[in-house]
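Listing of input_21.txt, compact mmCIF, C-alpha atoms
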# COMPACT_ATOMS: atom_id res chain seq x y z
CA MET A 1 176.76 -57.60 103.30
CA THR A 2 177.44 -53.91 103.85
CA ARG A 3 176.93 -52.47 107.29
CA GLU A 4 173.71 -50.59 107.88
CA ARG A 5 174.11 -46.82 107.89
CA VAL A 6 172.34 -43.98 109.69
CA VAL A 7 172.74 -40.54 108.15
CA VAL A 8 172.17 -37.59 110.48
CA VAL A 9 171.59 -34.31 108.67
CA GLY A 10 172.45 -31.47 111.05
CA ALA A 11 175.46 -31.39 113.37
CA SER A 12 174.25 -29.14 116.15
CA LEU A 13 172.85 -30.17 119.56
CA ALA A 14 169.92 -32.26 118.26
CA GLY A 15 171.90 -34.06 115.54
CA ILE A 16 174.87 -35.02 117.67
CA THR A 17 172.65 -35.99 120.59
CA VAL A 18 170.83 -38.44 118.33
CA ALA A 19 174.15 -39.75 116.99
CA GLY A 20 175.55 -40.17 120.52
CA GLY A 21 172.26 -41.67 121.70
CA LEU A 22 172.33 -44.32 118.99
CA ARG A 23 175.79 -45.40 120.16
CA SER A 24 174.89 -45.40 123.85
CA GLN A 25 171.94 -47.63 123.02
CA GLY A 26 174.28 -50.09 121.41
CA TYR A 27 173.77 -49.32 117.73
CA ASP A 28 176.78 -50.70 115.89
CA GLY A 29 176.06 -49.69 112.31
CA ARG A 30 177.75 -46.79 110.55
CA ILE A 31 176.74 -43.28 111.57
CA SER A 32 177.45 -40.28 109.32
CA VAL A 33 176.73 -36.75 110.51
CA VAL A 34 176.51 -33.93 107.99
CA GLY A 35 176.72 -30.30 109.13
CA GLU A 36 176.61 -26.99 107.32
CA GLU A 37 178.77 -24.93 109.67
CA SER A 38 182.55 -24.94 109.54
CA VAL A 39 182.92 -25.94 113.18
CA GLY A 40 181.52 -28.82 115.21
CA ALA A 41 178.60 -28.39 117.57
CA TYR A 42 178.74 -25.73 120.25
CA ASN A 43 176.59 -24.38 123.01
CA ARG A 44 174.32 -21.93 121.21
CA PRO A 45 172.77 -20.27 124.30
CA ALA A 46 176.26 -19.06 125.29
CA LEU A 47 176.47 -16.95 122.11
CA SER A 48 174.18 -14.23 123.45
CA LYS A 49 175.87 -14.39 126.85
CA GLY A 50 179.56 -15.26 127.34
CA VAL A 51 180.61 -14.86 123.72
CA LEU A 52 179.13 -11.38 123.43
CA ALA A 53 180.47 -10.44 126.83
CA GLY A 54 183.90 -11.40 125.54
CA SER A 55 184.47 -13.94 128.33
CA ASP A 56 183.95 -17.04 126.16
CA GLY A 57 185.81 -18.04 123.03
CA PRO A 58 184.90 -20.87 120.65
CA ASP A 59 186.83 -23.43 122.73
CA ASP A 60 184.92 -22.60 125.91
CA ILE A 61 181.58 -23.41 124.34
CA ALA A 62 182.45 -26.38 122.10
CA LEU A 63 180.38 -29.49 122.75
CA PRO A 64 182.32 -32.75 123.09
CA ALA A 65 183.61 -34.01 119.77
CA LEU A 66 181.87 -37.04 118.39
CA PRO A 67 183.73 -40.29 118.90
CA GLY A 68 186.05 -41.27 116.07
CA GLU A 69 183.90 -44.02 114.70
CA ILE A 70 181.14 -41.52 113.89
CA GLU A 71 181.93 -39.95 110.55
CA GLN A 72 181.41 -36.18 110.59
CA ARG A 73 181.27 -34.08 107.46
CA LEU A 74 181.26 -30.35 108.14
CA ARG A 75 180.82 -27.41 105.73
CA THR A 76 178.40 -29.61 103.86
CA GLN A 77 174.88 -28.58 103.07
CA ALA A 78 172.13 -31.03 102.23
CA THR A 79 170.21 -29.82 99.21
CA GLY A 80 167.75 -32.59 98.60
CA LEU A 81 166.32 -35.90 99.70
CA ASP A 82 165.40 -38.88 97.58
CA VAL A 83 163.27 -41.05 99.85
CA GLU A 84 162.78 -43.76 97.25
CA ARG A 85 166.49 -44.30 96.64
CA ARG A 86 167.30 -43.42 100.25
CA ARG A 87 169.82 -40.75 99.41
CA VAL A 88 170.66 -37.37 100.88
CA LEU A 89 171.85 -35.03 98.12
CA LEU A 90 174.66 -32.66 99.04
CA ALA A 91 175.61 -29.22 97.73
CA ASP A 92 179.00 -30.51 96.60
CA GLY A 93 177.29 -32.88 94.19
CA ASP A 94 177.90 -35.97 96.27
CA ASP A 95 175.13 -38.01 97.82
CA LEU A 96 174.89 -40.21 100.89
CA GLU A 97 172.97 -43.45 100.93
CA TYR A 98 171.20 -44.29 104.16
CA ASP A 99 169.22 -47.09 105.69
CA LYS A 100 167.87 -44.79 108.39
CA LEU A 101 167.69 -41.00 108.34
CA VAL A 102 167.74 -38.36 111.07
CA ILE A 103 166.55 -34.87 110.15
CA ALA A 104 168.07 -32.26 112.46
CA THR A 105 168.73 -29.29 110.20
CA GLY A 106 167.54 -26.77 112.76
CA ALA A 107 166.47 -23.25 111.95
CA ARG A 108 167.98 -19.99 110.80
CA ALA A 109 167.30 -16.41 111.81
CA ARG A 110 164.17 -14.92 110.32
CA ARG A 111 164.76 -11.59 108.58
CA MET A 112 162.57 -8.54 108.49
CA SER A 113 162.78 -8.82 104.70
CA ASP A 114 161.20 -12.32 104.99
CA LEU A 115 158.28 -10.53 106.64
CA GLY A 116 158.16 -7.85 103.94
CA ALA A 117 159.19 -5.28 106.55
CA ALA A 118 162.50 -4.09 105.14
CA SER A 119 162.90 -1.60 102.34
CA GLY A 120 165.67 -0.39 100.12
CA GLY A 121 169.25 -1.42 100.62
CA VAL A 122 169.11 -1.79 104.36
CA GLN A 123 171.70 -4.18 105.66
CA GLU A 124 170.10 -6.61 108.08
CA ILE A 125 172.14 -8.08 110.87
CA THR A 126 170.84 -11.27 112.42
CA PHE A 127 172.12 -13.40 115.27
CA ARG A 128 172.15 -17.16 115.16
CA ASP A 129 175.58 -18.75 114.88
CA LEU A 130 179.12 -18.42 116.18
CA ASP A 131 180.23 -16.14 113.36
CA ASP A 132 177.31 -13.78 114.06
CA ALA A 133 178.28 -13.66 117.74
CA LEU A 134 181.98 -13.06 117.12
CA SER A 135 181.26 -10.35 114.60
CA LEU A 136 178.78 -8.57 116.91
CA ALA A 137 181.25 -8.89 119.80
CA ARG A 138 183.85 -7.11 117.64
CA ALA A 139 181.42 -4.40 116.58
CA LEU A 140 180.59 -3.69 120.23
CA ARG A 141 184.16 -2.53 120.92
CA THR A 142 183.32 0.88 119.49
CA ARG A 143 180.31 1.32 121.79
CA PRO A 144 177.85 1.72 118.93
CA ARG A 145 174.24 2.79 119.03
CA VAL A 146 172.32 -0.45 118.68
CA VAL A 147 168.71 -0.75 117.61
CA ILE A 148 167.22 -4.20 118.19
CA VAL A 149 164.04 -5.09 116.38
CA GLY A 150 162.27 -7.84 118.30
CA ALA A 151 161.71 -7.91 122.05
CA GLY A 152 161.54 -11.67 122.52
CA PHE A 153 164.00 -13.73 124.56
CA LEU A 154 166.92 -13.41 122.22
CA GLY A 155 166.32 -9.72 121.50
CA MET A 156 166.28 -8.93 125.20
CA GLU A 157 169.35 -11.08 125.94
CA LEU A 158 171.21 -9.28 123.17
CA ALA A 159 170.07 -5.92 124.57
CA SER A 160 171.46 -6.96 127.94
CA ALA A 161 174.81 -8.04 126.50
CA CYS A 162 175.12 -4.92 124.31
CA VAL A 163 174.32 -2.48 127.10
CA ALA A 164 176.80 -4.25 129.38
CA ARG A 165 179.47 -3.55 126.76
CA GLY A 166 178.67 0.15 126.84
CA ALA A 167 176.40 0.37 123.79
CA ALA A 168 173.36 2.63 123.71
CA VAL A 169 170.47 0.23 123.13
CA THR A 170 166.88 0.61 122.01
CA VAL A 171 164.56 -2.37 121.57
CA LEU A 172 161.55 -2.05 119.29
CA ASP A 173 158.61 -4.37 118.86
CA GLN A 174 154.96 -4.54 118.04
CA GLN A 175 154.21 -5.64 121.59
CA PRO A 176 155.66 -4.92 125.03
CA PRO A 177 158.81 -7.00 125.64
CA LEU A 178 158.40 -10.70 126.45
CA ARG A 179 154.72 -10.41 127.29
CA ARG A 180 153.57 -12.84 124.62
CA GLN A 181 156.35 -15.30 125.54
CA LEU A 182 156.41 -15.12 129.35
CA GLY A 183 153.14 -13.52 130.43
CA PRO A 184 152.74 -10.22 132.26
CA TYR A 185 154.45 -10.87 135.58
CA LEU A 186 157.84 -12.08 134.39
CA ALA A 187 157.75 -9.75 131.38
CA ASP A 188 157.26 -6.72 133.64
CA LEU A 189 160.02 -7.91 135.97
CA LEU A 190 162.55 -8.17 133.13
CA SER A 191 161.38 -5.01 131.36
CA ALA A 192 161.86 -3.02 134.57
CA ALA A 193 165.39 -4.42 134.87
CA ALA A 194 166.11 -3.51 131.25
CA ARG A 195 165.02 0.08 131.88
CA ARG A 196 167.15 0.29 135.02
CA HIS A 197 170.09 -0.68 132.84
CA GLY A 198 169.31 2.19 130.49
CA VAL A 199 167.75 0.24 127.62
CA GLY A 200 165.04 2.08 125.70
CA LEU A 201 161.96 -0.11 125.18
CA VAL A 202 159.50 1.12 122.59
CA HIS A 203 156.54 -0.63 121.04
CA HIS A 204 153.69 0.15 118.71
CA PRO A 205 150.87 -2.22 117.75
CA GLY A 206 151.29 -1.15 114.13
CA GLY A 207 154.70 -2.79 114.04
CA VAL A 208 158.21 -1.93 112.93
CA LYS A 209 159.85 -1.55 109.52
CA LEU A 210 163.47 -1.28 108.52
CA HIS A 211 164.53 1.66 106.38
CA GLY A 212 167.70 3.45 105.59
CA THR A 213 170.72 2.82 103.49
CA PRO A 214 173.50 0.29 103.96
CA GLY A 215 175.64 2.90 105.70
CA SER A 216 172.94 4.30 107.93
CA PRO A 217 170.34 1.74 108.95
CA ALA A 218 167.18 2.77 110.75
CA ALA A 219 163.99 1.27 112.06
CA GLU A 220 160.66 3.00 112.04
CA LEU A 221 157.53 2.40 114.07
CA ALA A 222 154.10 2.56 112.47
CA ASP A 223 153.52 5.98 114.08
CA GLY A 224 156.51 7.41 112.24
CA ARG A 225 159.02 7.41 115.11
CA ARG A 226 162.40 6.67 113.60
CA PHE A 227 165.40 5.10 115.33
CA GLU A 228 168.80 5.28 113.75
CA GLY A 229 171.62 3.10 114.89
CA ASP A 230 175.17 2.23 113.99
CA LEU A 231 173.84 -1.31 114.05
CA VAL A 232 170.29 -2.47 113.52
CA LEU A 233 169.68 -6.08 114.52
CA SER A 234 166.69 -8.08 113.31
CA VAL A 235 165.79 -10.52 116.08
CA VAL A 236 162.40 -11.72 114.96
CA GLY A 237 162.46 -15.44 115.52
CA CYS A 238 163.70 -18.30 113.40
CA VAL A 239 162.53 -20.27 110.39
CA PRO A 240 163.07 -24.02 110.00
CA ASN A 241 165.60 -25.27 107.46
CA ILE A 242 163.22 -27.40 105.43
CA GLU A 243 163.86 -26.25 101.87
CA TRP A 244 166.02 -29.29 101.13
CA LEU A 245 163.04 -31.54 101.88
CA ARG A 246 160.82 -29.94 99.26
CA GLY A 247 159.57 -32.55 96.83
CA SER A 248 160.66 -35.41 99.09
CA GLY A 249 157.07 -36.30 99.92
CA LEU A 250 157.73 -36.04 103.66
CA PRO A 251 155.20 -34.11 105.75
CA VAL A 252 156.79 -30.68 105.93
CA ASP A 253 154.76 -27.57 106.61
CA GLY A 254 156.21 -24.89 108.87
CA GLY A 255 158.51 -27.60 110.23
CA VAL A 256 158.97 -31.34 109.87
CA HIS A 257 155.86 -33.06 111.19
CA VAL A 258 156.58 -35.97 113.51
CA ASP A 259 154.55 -38.34 115.67
CA GLU A 260 154.96 -38.54 119.43
CA ARG A 261 157.99 -40.75 118.96
CA CYS A 262 159.65 -38.17 116.69
CA ARG A 263 159.09 -40.38 113.63
CA VAL A 264 158.48 -38.80 110.24
CA SER A 265 157.99 -41.95 108.18
CA ALA A 266 159.44 -45.45 108.03
CA ASN A 267 163.13 -45.24 109.02
CA VAL A 268 163.08 -41.44 109.23
CA VAL A 269 163.07 -39.47 112.50
CA ALA A 270 163.59 -35.78 113.28
CA ALA A 271 164.63 -33.69 116.28
CA GLY A 272 165.35 -30.12 117.31
CA ASP A 273 164.39 -26.70 115.98
CA VAL A 274 163.29 -28.09 112.60
CA VAL A 275 160.56 -30.23 114.18
CA ALA A 276 156.88 -29.35 114.48
CA PHE A 277 155.79 -31.61 117.33
CA PRO A 278 152.15 -32.65 117.93
CA SER A 279 150.31 -30.39 120.38
CA ALA A 280 146.70 -29.65 121.25
CA ALA A 281 146.89 -26.75 118.80
CA GLY A 282 148.39 -28.90 116.01
CA PRO A 283 152.05 -29.38 115.08
CA ARG A 284 154.16 -26.68 116.73
CA ARG A 285 157.86 -25.91 116.75
CA THR A 286 159.47 -25.49 120.17
CA PRO A 287 162.95 -24.20 119.31
CA TRP A 288 164.50 -24.46 122.76
CA TRP A 289 167.51 -26.26 124.17
CA ASN A 290 165.62 -28.75 126.30
CA SER A 291 163.15 -29.61 123.51
CA ALA A 292 166.09 -30.47 121.27
CA LEU A 293 167.50 -32.75 123.95
CA GLU A 294 164.29 -34.59 124.74
CA GLN A 295 163.35 -34.97 121.08
CA ALA A 296 166.84 -36.21 120.22
CA ARG A 297 166.68 -38.87 122.94
CA THR A 298 163.27 -40.03 121.77
CA ALA A 299 164.31 -39.97 118.10
CA ALA A 300 167.41 -42.11 118.77
CA SER A 301 165.42 -44.59 120.72
CA SER A 302 162.50 -44.86 118.28
CA LEU A 303 164.84 -45.18 115.29
CA LEU A 304 166.09 -48.37 116.91
CA GLY A 305 163.10 -49.55 118.94
CA GLY A 306 160.07 -48.20 117.08
CA GLU A 307 156.83 -48.73 119.01
CA ARG A 308 158.71 -49.95 122.07
CA THR A 309 159.87 -46.37 122.64
CA PRO A 310 157.61 -44.52 125.06
CA PRO A 311 155.93 -41.53 123.39
CA LEU A 312 157.55 -38.22 124.29
CA VAL A 313 155.51 -36.13 126.67
CA PRO A 314 157.26 -32.76 126.39
CA ALA A 315 158.25 -31.23 129.71
CA PRO A 316 158.78 -27.61 128.75
CA TYR A 317 161.84 -26.05 130.38
CA PHE A 318 163.19 -22.70 129.59
CA TRP A 319 165.66 -20.20 131.02
CA THR A 320 166.95 -16.74 130.28
CA GLU A 321 169.66 -14.51 131.73
CA GLN A 322 169.40 -10.80 131.21
CA PHE A 323 170.08 -7.57 133.07
CA GLY A 324 171.44 -9.43 136.08
CA ILE A 325 168.35 -11.62 136.41
CA THR A 326 168.20 -15.35 135.79
CA VAL A 327 164.76 -16.84 135.22
CA ARG A 328 164.16 -20.59 134.93
CA VAL A 329 160.71 -21.88 134.07
CA CYS A 330 159.14 -25.34 134.05
CA GLY A 331 155.68 -25.80 132.57
CA GLY A 332 153.68 -24.02 129.93
CA LEU A 333 154.24 -20.42 128.89
CA PRO A 334 153.07 -17.70 128.83
CA ALA A 335 152.30 -17.75 132.56
CA ARG A 336 148.88 -16.14 132.80
CA GLY A 337 147.93 -13.73 135.56
CA ALA A 338 149.53 -13.19 138.92
CA PRO A 339 151.70 -15.90 140.48
CA THR A 340 151.69 -17.35 143.95
CA VAL A 341 154.92 -16.36 145.66
CA VAL A 342 156.19 -19.59 147.21
CA HIS A 343 159.36 -18.00 148.48
CA ALA A 344 160.97 -14.58 148.35
CA SER A 345 164.29 -13.52 149.83
CA ASP A 346 164.33 -10.56 152.21
CA GLU A 347 165.71 -8.28 149.52
CA GLY A 348 163.07 -9.60 147.15
CA ASN A 349 165.55 -10.39 144.37
CA GLN A 350 165.25 -14.17 144.73
CA MET A 351 161.85 -15.69 144.20
CA LEU A 352 160.05 -18.93 143.63
CA LEU A 353 156.75 -18.49 141.83
CA THR A 354 153.96 -20.78 140.70
CA TRP A 355 150.92 -20.36 138.47
CA PRO A 356 147.83 -22.59 138.67
CA GLN A 357 148.25 -23.63 135.02
CA GLY A 358 151.12 -25.88 136.18
CA THR A 359 154.02 -23.50 135.72
CA ALA A 360 156.82 -22.71 138.16
CA ALA A 361 159.61 -20.15 137.92
CA ALA A 362 162.81 -19.62 139.89
CA VAL A 363 164.07 -16.05 139.75
CA ASN A 364 167.75 -15.57 140.62
CA LYS A 365 167.56 -18.84 142.46
CA ARG A 366 169.73 -21.84 141.87
CA MET A 367 167.23 -24.64 141.46
CA PRO A 368 167.73 -27.83 139.46
CA ILE A 369 165.23 -28.84 136.83
CA THR A 370 163.92 -31.81 138.85
CA LYS A 371 162.94 -29.65 141.83
CA LEU A 372 161.43 -26.93 139.67
CA ARG A 373 159.47 -29.51 137.71
CA ALA A 374 158.08 -31.00 140.94
CA LEU A 375 157.02 -27.53 142.02
CA ALA A 376 155.30 -26.95 138.65
CA ARG A 377 153.42 -30.23 138.94
CA ALA A 378 152.25 -29.44 142.46
CA ALA A 379 151.06 -25.94 141.47
CA MET B 380 187.71 -40.19 130.02
CA LYS B 381 187.38 -37.88 132.99
CA LEU B 382 184.51 -35.58 133.94
CA VAL B 383 185.50 -32.10 135.07
CA ILE B 384 183.16 -29.48 136.54
CA ASP B 385 183.99 -25.81 136.11
CA ARG B 386 182.59 -24.51 139.40
CA ASN B 387 182.68 -20.92 138.20
CA ARG B 388 180.33 -21.77 135.37
CA CYS B 389 178.06 -24.37 136.97
CA GLU B 390 174.71 -22.88 137.89
CA GLY B 391 173.01 -26.06 139.04
CA TYR B 392 170.56 -26.46 136.15
CA GLY B 393 170.74 -30.22 136.66
CA LEU B 394 170.27 -31.24 133.03
CA CYS B 395 173.49 -33.30 133.20
CA ALA B 396 172.23 -35.31 136.16
CA GLU B 397 169.00 -35.89 134.29
CA ALA B 398 170.98 -37.21 131.29
CA ALA B 399 173.25 -39.51 133.35
CA PRO B 400 171.81 -39.94 136.86
CA ASP B 401 174.19 -42.76 137.77
CA LEU B 402 177.29 -40.69 137.00
CA MET B 403 176.40 -37.50 138.87
CA HIS B 404 173.82 -35.94 141.16
CA LEU B 405 172.97 -32.65 142.83
CA ASP B 406 173.42 -32.61 146.59
CA GLU B 407 171.05 -31.04 149.13
CA ASP B 408 172.52 -27.59 148.38
CA ASP B 409 171.94 -28.16 144.66
CA GLU B 410 175.68 -28.40 144.04
CA LEU B 411 176.73 -30.87 141.38
CA VAL B 412 178.61 -33.93 142.60
CA VAL B 413 180.28 -36.19 140.05
CA ASP B 414 180.06 -39.74 141.39
CA LYS B 415 182.32 -41.33 138.81
CA GLU B 416 185.03 -38.89 137.80
CA ASN B 417 186.94 -41.50 135.85
CA VAL B 418 184.30 -42.75 133.53
CA PRO B 419 184.50 -46.43 132.57
CA THR B 420 184.47 -47.09 128.82
CA SER B 421 180.99 -48.57 129.02
CA ASP B 422 179.63 -45.23 130.33
CA VAL B 423 181.49 -42.84 128.02
CA ALA B 424 178.59 -42.27 125.62
CA ARG B 425 176.29 -41.36 128.49
CA ALA B 426 178.90 -39.13 130.12
CA GLU B 427 179.20 -37.28 126.82
CA ALA B 428 175.42 -36.94 126.71
CA ALA B 429 175.59 -35.29 130.14
CA VAL B 430 178.32 -32.92 128.96
CA ARG B 431 176.27 -31.95 125.91
CA ALA B 432 173.16 -31.36 128.00
CA CYS B 433 174.81 -28.67 130.16
CA PRO B 434 173.23 -25.38 129.11
CA VAL B 435 176.13 -23.27 130.40
CA ALA B 436 179.05 -25.42 129.20
CA ALA B 437 180.23 -26.05 132.76
CA LEU B 438 180.79 -29.78 132.47
CA LYS B 439 183.69 -30.95 130.34
CA ALA B 440 185.07 -34.26 129.24
CA GLY B 441 188.79 -34.28 130.01

Now, as a test, write the supplied structure out as structure tokens.
Amino acid sequence: MTRERVVVVGASLAGITVAGGLRSQGYDGRISVVGEESVGAYNRPALSKGVLAGSDGPDDIALPALPGEIEQRLRTQATGLDVERRRVLLADGDDLEYDKLVIATGARARRMSDLGAASGGVQEITFRDLDDALSLARALRTRPRVVIVGAGFLGMELASACVARGAAVTVLDQQPPLRRQLGPYLADLLSAAARRHGVGLVHHPGGVKLHGTPGSPAAELADGRRFEGDLVLSVVGCVPNIEWLRGSGLPVDGGVHVDERCRVSANVVAAGDVVAFPSAAGPRRTPWWNSALEQARTAASSLLGGERTPPLVPAPYFWTEQFGITVRVCGGLPARGAPTVVHASDEGNQMLLTWPQGTAAAVNKRMPITKLRALARAA
Amino acid sequence: MKLVIDRNRCEGYGLCAEAAPDLMHLDEDDELVVDKENVPTSDVARAEAAVRACPVAALKAG
């Protein structure tokens, strides 16, 4: 009898955490991991920080290699899934037969052209993987004028890294920076820091469009204000990599739908940025580091233990570093209204904050997740 | 395998200790303490899970 085989599609944090989790739970079948990138998994949050700053190279941010007995196939894209025959179809024409399947194909950068907001031959630069980070880090050597479209977490972290490298940076969005993501208090705190660092923050409710030619890209607000840059970055969120699942019959709509144990169907689980997890508002993607970890742990355990696995109760955890400020948050976001200041240092730069909705934030304060979570619960 | 902390990188997020609480913990000053530097074979998979969980790539498997 042939050994049972798990195929993991996606070799970034979620995929390899599931693979490692299966082994640590004693699974002794074959495990094959398929990944699209040319390198093994790395720490993606470091791309917008150390890699852009020039202090980190690929080796500094590599995640531990998978143990030898886990087969890893890089530079390989999955192009289809045949659930009936239990086969993952690959771009190179090969296919992989599985007994159990893990979907962890993540997400890719959304483009302004996906949103119908780019015209002509404008060259869009996005930021998602190691190559993007290395190429932007190189481009920053000439101190370019950088226009960033999208004032969410990543857009603001990129603004911070670019301005630290001597670039002239303007960030454009439909809404004030980070307000929709973090709520007014933390958004204002970080926006003020961005301005102190010389970043231009401009928004217009009518939105932004990309114009220009390949050689001279520009972004334009709905009121006609035009911003030209040497580089124009589109940082407008991410879209799940689900195209390969089309026609598979699996529940896929804006993300792979899972139950509270990260199961998609019999013998199929999913984890990470590709997943739309059940929430009060319906299935929602939560493309953050800690979500990938907790989903991957649950997925590994339910692939082996099924109903015996406790349902995942997401414990949202999020952090950002920008303009010299580190913010860590446990609990739901955006944080609505004014916080209670639990602690503030004399200079006021370190703070512990809580919101009655069950959210706690540590600003410039070293505080482990367990303590911050306890504070959020007690809020 | 051996667990190595890069003190210049570690910012005390504590996700590693959450992933492998019997191999490491944060002390009262929120500094990471590795309790089993030389990881026995039986714990290697969990030590690797802790290394992967570190959001700032401060914990390495040597």

What are the residues of chain A lining chain B at 6 Å or less? Count all atoms listed in the file, and put the answer as a list in words.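 Close enough to count are Ser24, Ile61, Leu63, Pro368 and Ile369 of chain A.
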
Would you save the residues of that selection, restricted to C-alpha atoms, as an mmCIF file, in the coordinates of the input?
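File produced: again.cif:
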data_model
loop_
_atom_site.group_PDB
_atom_site.id
_atom_site.type_symbol
_atom_site.label_atom_id
_atom_site.label_comp_id
_atom_site.auth_asym_id
_atom_site.auth_seq_id
_atom_site.Cartn_x
_atom_site.Cartn_y
_atom_site.Cartn_z
ATOM 1 C CA SER A 24 174.890 -45.400 123.850
ATOM 2 C CA ILE A 61 181.580 -23.410 124.340
ATOM 3 C CA LEU A 63 180.380 -29.490 122.750
ATOM 4 C CA PRO A 368 167.730 -27.830 139.460
ATOM 5 C CA ILE A 369 165.230 -28.840 136.830
#

Of the candidates A:Gly229, A:Gly306, A:Gly183, A:Gly249, which one gets nearest to Ser216 (chain A) if we count all atoms listed in the file? A:Gly229

Please measure the separation of CA of Pro144 (chain A) and CA of Ile325 (chain A), giving the value in Å to one decimal.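 That distance, rounded to one decimal, is 24.0 Å.
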
Between CA of Gln25 (chain A) and CA of Thr298 (chain A), what is the distance in Å, rounded to a tenth?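 Computing it gives 11.6 Å between the two atoms.
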
Residue contacts of region 129-138 of chain A (8 Å, all atoms listed in the file) excluding same-chain residues fewer than 6 positions away, as a list of chain:residue names: A:Arg44, A:Leu47, A:Ser48, A:Val51, A:Leu52, A:Ala53, A:Gly54, A:Pro58

Nearest to Ala399 (chain B): which of A:Ala159, A:Leu372, A:Gly21, A:Ala109 is it, counting all atoms listed in the file?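 For Ala399 (chain B), the nearest of the given residues is A:Gly21.
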
Which one is closest to Asp385 (chain B): B:Glu407, B:Val418, B:Asp401, B:Val412? Count only C-alpha atoms.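 Ranking B:Glu407, B:Val418, B:Asp401, B:Val412 by distance to Asp385 (chain B), first place goes to B:Val412.
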
If we count only C-alpha atoms, what is near Arg3 (chain A) at a cut-off of 12 Å, once residues fewer than 3 positions away on the same chain are taken out, given as a count of residues only? 10

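Proximity ranking of A:Thr76, A:Asn267, A:Ser160, A:Ser302 relative to Gly198 (chain A) places A:Ser160 first, based on all atoms listed in the file.
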
Counting all atoms listed in the file, what is within 7 Å of Leu402 (chain B), bar same-chain residues fewer than 5 positions away, as a ChimeraX atom specification? /B:413-415

Rank nothing, just name the residue among A:Arg263, A:His257, A:Arg86, A:Arg195 nearest to Glu307 (chain A), using all atoms listed in the file. A:Arg263

Write out N, CA and C atoms for region 235-250 of chain A, as a PDB file, keeping the file's coordinate frame.
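For reference, result13.pdb as written:
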ATOM      1  N   VAL A 235     165.861  -9.341 115.190  1.00  0.00           N
ATOM      2  CA  VAL A 235     165.790 -10.520 116.080  1.00  0.00           C
ATOM      3  C   VAL A 235     164.334 -10.928 116.182  1.00  0.00           C
ATOM      4  N   VAL A 236     163.832 -11.479 115.085  1.00  0.00           N
ATOM      5  CA  VAL A 236     162.400 -11.720 114.960  1.00  0.00           C
ATOM      6  C   VAL A 236     162.095 -13.204 114.758  1.00  0.00           C
ATOM      7  N   GLY A 237     162.767 -14.014 115.538  1.00  0.00           N
ATOM      8  CA  GLY A 237     162.460 -15.440 115.520  1.00  0.00           C
ATOM      9  C   GLY A 237     163.284 -16.201 114.499  1.00  0.00           C
ATOM     10  N   CYS A 238     162.925 -17.452 114.313  1.00  0.00           N
ATOM     11  CA  CYS A 238     163.700 -18.300 113.400  1.00  0.00           C
ATOM     12  C   CYS A 238     162.762 -19.068 112.475  1.00  0.00           C
ATOM     13  N   VAL A 239     163.297 -19.475 111.345  1.00  0.00           N
ATOM     14  CA  VAL A 239     162.530 -20.270 110.390  1.00  0.00           C
ATOM     15  C   VAL A 239     163.240 -21.619 110.191  1.00  0.00           C
ATOM     16  N   PRO A 240     162.457 -22.694 110.096  1.00  0.00           N
ATOM     17  CA  PRO A 240     163.070 -24.020 110.000  1.00  0.00           C
ATOM     18  C   PRO A 240     163.766 -24.231 108.654  1.00  0.00           C
ATOM     19  N   ASN A 241     164.863 -24.960 108.693  1.00  0.00           N
ATOM     20  CA  ASN A 241     165.600 -25.270 107.460  1.00  0.00           C
ATOM     21  C   ASN A 241     164.995 -26.514 106.804  1.00  0.00           C
ATOM     22  N   ILE A 242     163.960 -26.288 106.017  1.00  0.00           N
ATOM     23  CA  ILE A 242     163.220 -27.400 105.430  1.00  0.00           C
ATOM     24  C   ILE A 242     163.244 -27.395 103.904  1.00  0.00           C
ATOM     25  N   GLU A 243     163.895 -26.380 103.325  1.00  0.00           N
ATOM     26  CA  GLU A 243     163.860 -26.250 101.870  1.00  0.00           C
ATOM     27  C   GLU A 243     164.397 -27.495 101.174  1.00  0.00           C
ATOM     28  N   TRP A 244     165.400 -28.123 101.758  1.00  0.00           N
ATOM     29  CA  TRP A 244     166.020 -29.290 101.130  1.00  0.00           C
ATOM     30  C   TRP A 244     165.077 -30.497 101.082  1.00  0.00           C
ATOM     31  N   LEU A 245     163.990 -30.415 101.854  1.00  0.00           N
ATOM     32  CA  LEU A 245     163.040 -31.540 101.880  1.00  0.00           C
ATOM     33  C   LEU A 245     161.887 -31.360 100.905  1.00  0.00           C
ATOM     34  N   ARG A 246     161.874 -30.213 100.236  1.00  0.00           N
ATOM     35  CA  ARG A 246     160.820 -29.940  99.260  1.00  0.00           C
ATOM     36  C   ARG A 246     160.818 -31.028  98.194  1.00  0.00           C
ATOM     37  N   GLY A 247     159.651 -31.541  97.878  1.00  0.00           N
ATOM     38  CA  GLY A 247     159.570 -32.550  96.830  1.00  0.00           C
ATOM     39  C   GLY A 247     159.921 -33.947  97.312  1.00  0.00           C
ATOM     40  N   SER A 248     160.281 -34.078  98.584  1.00  0.00           N
ATOM     41  CA  SER A 248     160.660 -35.410  99.090  1.00  0.00           C
ATOM     42  C   SER A 248     159.430 -36.250  99.417  1.00  0.00           C
ATOM     43  N   GLY A 249     158.287 -35.576  99.553  1.00  0.00           N
ATOM     44  CA  GLY A 249     157.070 -36.300  99.920  1.00  0.00           C
ATOM     45  C   GLY A 249     156.895 -36.431 101.431  1.00  0.00           C
ATOM     46  N   LEU A 250     157.869 -35.987 102.206  1.00  0.00           N
ATOM     47  CA  LEU A 250     157.730 -36.040 103.660  1.00  0.00           C
ATOM     48  C   LEU A 250     156.797 -34.917 104.125  1.00  0.00           C
TER      49      LEU A 250
END
